[in-house]
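Visitor: To be precise about what I am sending: the file is called model08.tsv and holds TSV, C-alpha atoms.
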chain	number	residue	atom	x	y	z
A	1	MET	CA	0.00	0.00	0.00
A	2	ARG	CA	2.79	2.38	0.92
A	3	LEU	CA	4.49	1.78	-2.45
A	4	MET	CA	1.24	2.57	-4.25
A	5	GLN	CA	0.87	5.85	-2.30
A	6	LYS	CA	4.44	6.84	-3.19
A	7	ALA	CA	3.80	6.01	-6.84
A	8	MET	CA	0.59	8.04	-6.79
A	9	TRP	CA	2.35	11.05	-5.21
A	10	ALA	CA	5.16	10.76	-7.76
A	11	LEU	CA	2.66	10.62	-10.62
A	12	MET	CA	0.82	13.66	-9.23
A	13	ALA	CA	4.09	15.57	-8.84
A	14	VAL	CA	5.16	14.80	-12.42
A	15	THR	CA	1.71	15.75	-13.73
A	16	PHE	CA	1.72	18.99	-11.72
A	17	TYR	CA	5.22	19.83	-12.99
A	18	ALA	CA	4.18	19.13	-16.59
A	19	LEU	CA	1.07	21.30	-16.27
A	20	ILE	CA	3.05	24.17	-14.74
A	21	HIS	CA	5.66	23.87	-17.49
A	22	VAL	CA	2.97	23.98	-20.21
A	23	TRP	CA	1.21	26.90	-18.51
A	24	VAL	CA	4.44	28.89	-18.07
A	25	SER	CA	5.52	28.14	-21.66
A	26	ALA	CA	2.12	29.22	-23.00
A	27	ALA	CA	2.21	32.37	-20.87
A	28	GLY	CA	5.73	33.09	-22.13
A	29	ASP	CA	4.58	32.62	-25.73
A	30	GLN	CA	1.67	35.00	-25.08
A	31	ILE	CA	4.03	37.60	-23.61
A	32	ASN	CA	6.49	37.25	-26.50
A	33	ALA	CA	3.69	37.59	-29.04
A	34	ALA	CA	2.29	40.63	-27.23
A	35	ASP	CA	5.77	42.19	-27.31
A	36	GLU	CA	5.96	41.38	-31.05
A	37	LEU	CA	2.63	43.09	-31.64
A	38	LEU	CA	3.61	46.17	-29.61
A	39	SER	CA	6.84	46.35	-31.58
A	40	ALA	CA	4.96	45.99	-34.88
A	41	ASP	CA	2.55	48.77	-33.87
A	42	ARG	CA	5.46	51.04	-32.90
A	43	ARG	CA	7.09	50.39	-36.31
A	44	PHE	CA	3.71	51.15	-37.91
A	45	ALA	CA	3.61	54.50	-36.10
A	46	ALA	CA	7.24	55.29	-36.99
A	47	GLU	CA	6.75	54.46	-40.69
A	48	THR	CA	3.58	56.54	-40.78
A	49	ALA	CA	5.40	59.49	-39.19
A	50	LYS	CA	8.26	59.10	-41.66
A	51	ARG	CA	6.39	58.30	-44.89
A	52	GLY	CA	2.84	59.53	-44.31
A	53	LEU	CA	0.13	57.74	-46.25
A	54	ASP	CA	2.58	55.28	-47.84
A	55	GLY	CA	3.92	54.30	-44.42
A	56	TRP	CA	0.35	53.92	-43.16
A	57	MET	CA	-0.65	51.71	-46.08
A	58	SER	CA	2.45	49.51	-45.84
A	59	PHE	CA	1.19	47.91	-42.61
A	60	LEU	CA	-2.32	47.13	-43.84
A	61	ALA	CA	-3.29	43.68	-45.14
A	62	ASP	CA	-4.77	43.52	-48.64
A	63	ASP	CA	-8.19	42.70	-47.16
A	64	ALA	CA	-8.01	45.26	-44.34
A	65	ALA	CA	-10.99	47.28	-43.16
A	66	ARG	CA	-10.97	50.61	-41.37
A	67	LEU	CA	-13.79	52.21	-39.42
A	68	ASP	CA	-13.39	55.97	-39.28
A	69	LEU	CA	-14.40	58.09	-36.31
A	70	GLY	CA	-17.86	58.51	-37.85
A	71	GLY	CA	-18.33	54.74	-38.03
A	72	LYS	CA	-18.05	54.49	-41.81
A	73	ALA	CA	-16.15	51.46	-43.10
A	74	ALA	CA	-13.51	51.44	-45.81
A	75	ARG	CA	-12.64	47.98	-47.13
A	76	GLY	CA	-9.54	47.00	-49.08
A	77	LEU	CA	-6.39	48.96	-49.76
A	78	ASP	CA	-7.80	51.14	-52.57
A	79	ASP	CA	-10.82	52.22	-50.54
A	80	ILE	CA	-8.72	52.86	-47.42
A	81	ARG	CA	-6.12	54.85	-49.38
A	82	LYS	CA	-8.85	56.98	-50.94
A	83	ARG	CA	-10.62	57.54	-47.60
A	84	ASP	CA	-7.47	58.22	-45.54
A	85	SER	CA	-5.60	60.38	-48.04
A	86	SER	CA	-7.24	63.50	-46.59
A	87	ILE	CA	-5.65	62.75	-43.18
A	88	PHE	CA	-2.20	62.93	-44.76
A	89	ALA	CA	-2.85	65.61	-47.43
A	90	ASP	CA	-1.79	68.51	-45.20
A	91	SER	CA	1.89	68.02	-44.28
A	92	SER	CA	1.45	70.19	-41.19
A	93	ILE	CA	-0.96	67.66	-39.68
A	94	ARG	CA	0.50	64.61	-37.95
A	95	LEU	CA	-1.24	61.45	-36.79
A	96	ILE	CA	0.76	59.98	-33.93
A	97	TRP	CA	-0.05	57.12	-31.62
A	98	ASP	CA	1.39	55.01	-28.86
A	99	PRO	CA	0.34	51.41	-28.26
A	100	THR	CA	-0.25	50.60	-24.61
A	101	ASP	CA	-1.53	47.02	-24.68
A	102	ALA	CA	-1.47	43.97	-26.93
A	103	GLY	CA	-2.70	40.42	-26.86
A	104	LEU	CA	-2.65	37.30	-28.94
A	105	PHE	CA	-5.75	35.33	-29.88
A	106	LYS	CA	-5.81	31.61	-29.26
A	107	ASP	CA	-4.94	30.66	-32.87
A	108	GLY	CA	-1.56	32.41	-32.53
A	109	ASN	CA	-1.94	34.21	-35.87
A	110	HIS	CA	-4.28	37.01	-34.80
A	111	GLY	CA	-3.90	39.63	-32.12
A	112	PHE	CA	-4.76	43.17	-31.12
A	113	THR	CA	-3.15	46.39	-30.01
A	114	THR	CA	-4.76	49.29	-28.23
A	115	GLY	CA	-3.49	52.70	-27.34
A	116	ARG	CA	-3.88	56.44	-27.59
A	117	TYR	CA	-3.67	58.64	-30.66
A	118	GLN	CA	-3.29	62.37	-31.30
A	119	LEU	CA	-3.94	64.38	-34.43
A	120	ILE	CA	-1.65	67.40	-34.20
A	121	LYS	CA	-1.16	70.47	-36.37
A	122	THR	CA	2.50	71.35	-36.20
A	123	GLY	CA	3.52	74.91	-35.47
A	124	SER	CA	4.66	76.99	-32.61
A	125	PRO	CA	2.98	76.00	-30.40
A	126	PRO	CA	1.56	72.78	-31.88
A	127	ASP	CA	-2.23	72.53	-31.88
A	128	THR	CA	-3.90	69.28	-30.81
A	129	LEU	CA	-6.85	68.75	-33.15
A	130	SER	CA	-8.07	65.45	-31.72
A	131	THR	CA	-7.15	62.79	-29.19
A	132	GLY	CA	-8.64	59.40	-28.48
A	133	GLY	CA	-8.19	55.69	-28.22
A	134	TYR	CA	-7.74	53.09	-30.92
A	135	VAL	CA	-7.89	49.35	-31.47
A	136	SER	CA	-6.11	47.50	-34.26
A	137	ILE	CA	-6.65	43.83	-35.07
A	138	TRP	CA	-3.62	42.14	-36.57
A	139	ARG	CA	-2.98	38.96	-38.55
A	140	ARG	CA	0.35	37.24	-39.11
A	141	ASP	CA	0.87	36.92	-42.90
A	142	ASP	CA	4.02	35.12	-44.02
A	143	GLY	CA	5.69	35.88	-40.69
A	144	LYS	CA	4.79	39.59	-40.72
A	145	TRP	CA	2.08	41.25	-38.66
A	146	LYS	CA	-0.44	43.17	-40.80
A	147	VAL	CA	-3.44	45.23	-39.67
A	148	ILE	CA	-6.75	43.73	-40.77
A	149	LEU	CA	-9.03	46.12	-38.85
A	150	ASP	CA	-8.33	49.58	-37.46
A	151	THR	CA	-10.71	51.84	-35.61
A	152	GLY	CA	-10.74	54.46	-32.90
A	153	ALA	CA	-12.90	56.74	-30.84
A	154	ALA	CA	-12.25	60.42	-30.21
A	155	ASP	CA	-12.23	61.79	-26.70
A	156	PRO	CA	-15.16	64.06	-25.87
A	157	GLN	CA	-14.42	67.72	-26.61
Could you spell out this file's structure in structure tokens?

Guide:
Amino acid sequence: MRLMQKAMWALMAVTFYALIHVWVSAAGDQINAADELLSADRRFAAETAKRGLDGWMSFLADDAARLDLGGKAARGLDDIRKRDSSIFADSSIRLIWDPTDAGLFKDGNHGFTTGRYQLIKTGSPPDTLSTGGYVSIWRRDDGKWKVILDTGAADPQ
């Protein structure tokens, strides 16, 4: 009987260790993927600041959709480019953002980032035209993260 109890305790210990290892590995993978998404979103912001509309478009998937602040949807790169070109038409206006959170969906190939944005008119002093929050949904395509849905909400005036 004593041998059976020891075997049972050993089996439980090994099972517990295995479960903890899987849980910690999965948590580590989630953290690494969240860091990847935050990094991708920061590169997205940097490329947009550097290259304007072309930088913006370079991070969007071919089948991306964008909901503007009025709730109107643009679908596909041509529609999004046409709709968003006005944001980037005036070189004195800058769209800047900072991701604050990210997460990975269970399939490992989709995730999200959230954060704060500002639309600023440069000058002395700069004029903040709008601020708010945003959410971007991402998909991993051929090893690269691409935005498949982007939307935001302006702060109340």

Visitor: Residues near Tyr134 in chain A, anyone? I mean within 12 Å using all atoms listed in the file, not counting same-chain ones fewer than 4 positions away, as a VMD selection string.

Guide: chain A and resid 41 66 to 69 96 to 102 112 to 118 149 to 155

Visitor: Here is a test: counting all atoms listed in the file, which residue of A:Ile148, A:Ala40, A:Ala65, A:Ile120 is nearest to Asp79 in chain A?

Guide: A:Ala65

Visitor: Any idea what the distance is between CA of Trp56 in chain A and CA of Asn109 in chain A?

Guide: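 If I compute the distance from CA of Trp56 in chain A to CA of Asn109 in chain A, I get 21.1 Å.
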
Visitor: Pick out the closest residue to Asp78 in chain A from this set: A:Leu37, A:Ala64, A:Leu119, A:Gly55. Count all atoms listed in the file.

Guide: A:Ala64

Visitor: Please report the interatomic distance between CA of Phe59 in chain A and CA of Gly103 in chain A in Å with one decimal.

Guide: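 A separation of 17.9 Å between them.
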
Visitor: Of the residues A:Lys106, A:Gly123, A:Trp145, A:Ala89, which is the one nearest to Arg42 in chain A, using only C-alpha atoms?

Guide: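 Under the stated criterion, the closest residue is A:Trp145.
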
Visitor: Extract, using only C-alpha atoms, all DNA, RNA and protein residues at most 12 Å from Ser92 in chain A, discarding same-chain residues fewer than 3 positions from it, and format them as number ranges by chain.

Guide: A: 49, 52, 87-89, 95, 119-124, 126-129

Visitor: Work out how far apart CA of Lys144 in chain A and CA of Thr131 in chain A are and give it in Å to one decimal.

Guide: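 Taking CA of Lys144 in chain A and CA of Thr131 in chain A, their separation equals 28.5 Å.
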
Visitor: When distances are computed from all atoms listed in the file, which of A:Ile80, A:Leu38, A:Ile93, A:Ala73 shows the smallest separation from Trp138 in chain A?

Guide: A:Leu38

Visitor: Using only the atoms of range 81-85 of chain A listed in the file, plus 4 Å on each side, state the axis-aligned box centre and edge lengths in Å rounded to one decimal, as lines of an AutoDock Vina configuration file.

Guide:
center_x = -8.1
center_y = 57.6
center_z = -48.2
size_x = 13.0
size_y = 13.5
size_z = 13.4

Visitor: Give the answer as one residue: which of A:Lys72, A:Lys146, A:Arg139, A:Arg51 has the shortest atom-to-atom distance to Phe105 in chain A, using all atoms listed in the file?

Guide: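 Selected residue with least distance to Phe105 in chain A: A:Arg139.
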
Visitor: Between A:Ala46, A:Leu60, A:Pro156, A:Arg81, single out the one closest to Ser136 in chain A, counting only C-alpha atoms.

Guide: A:Leu60
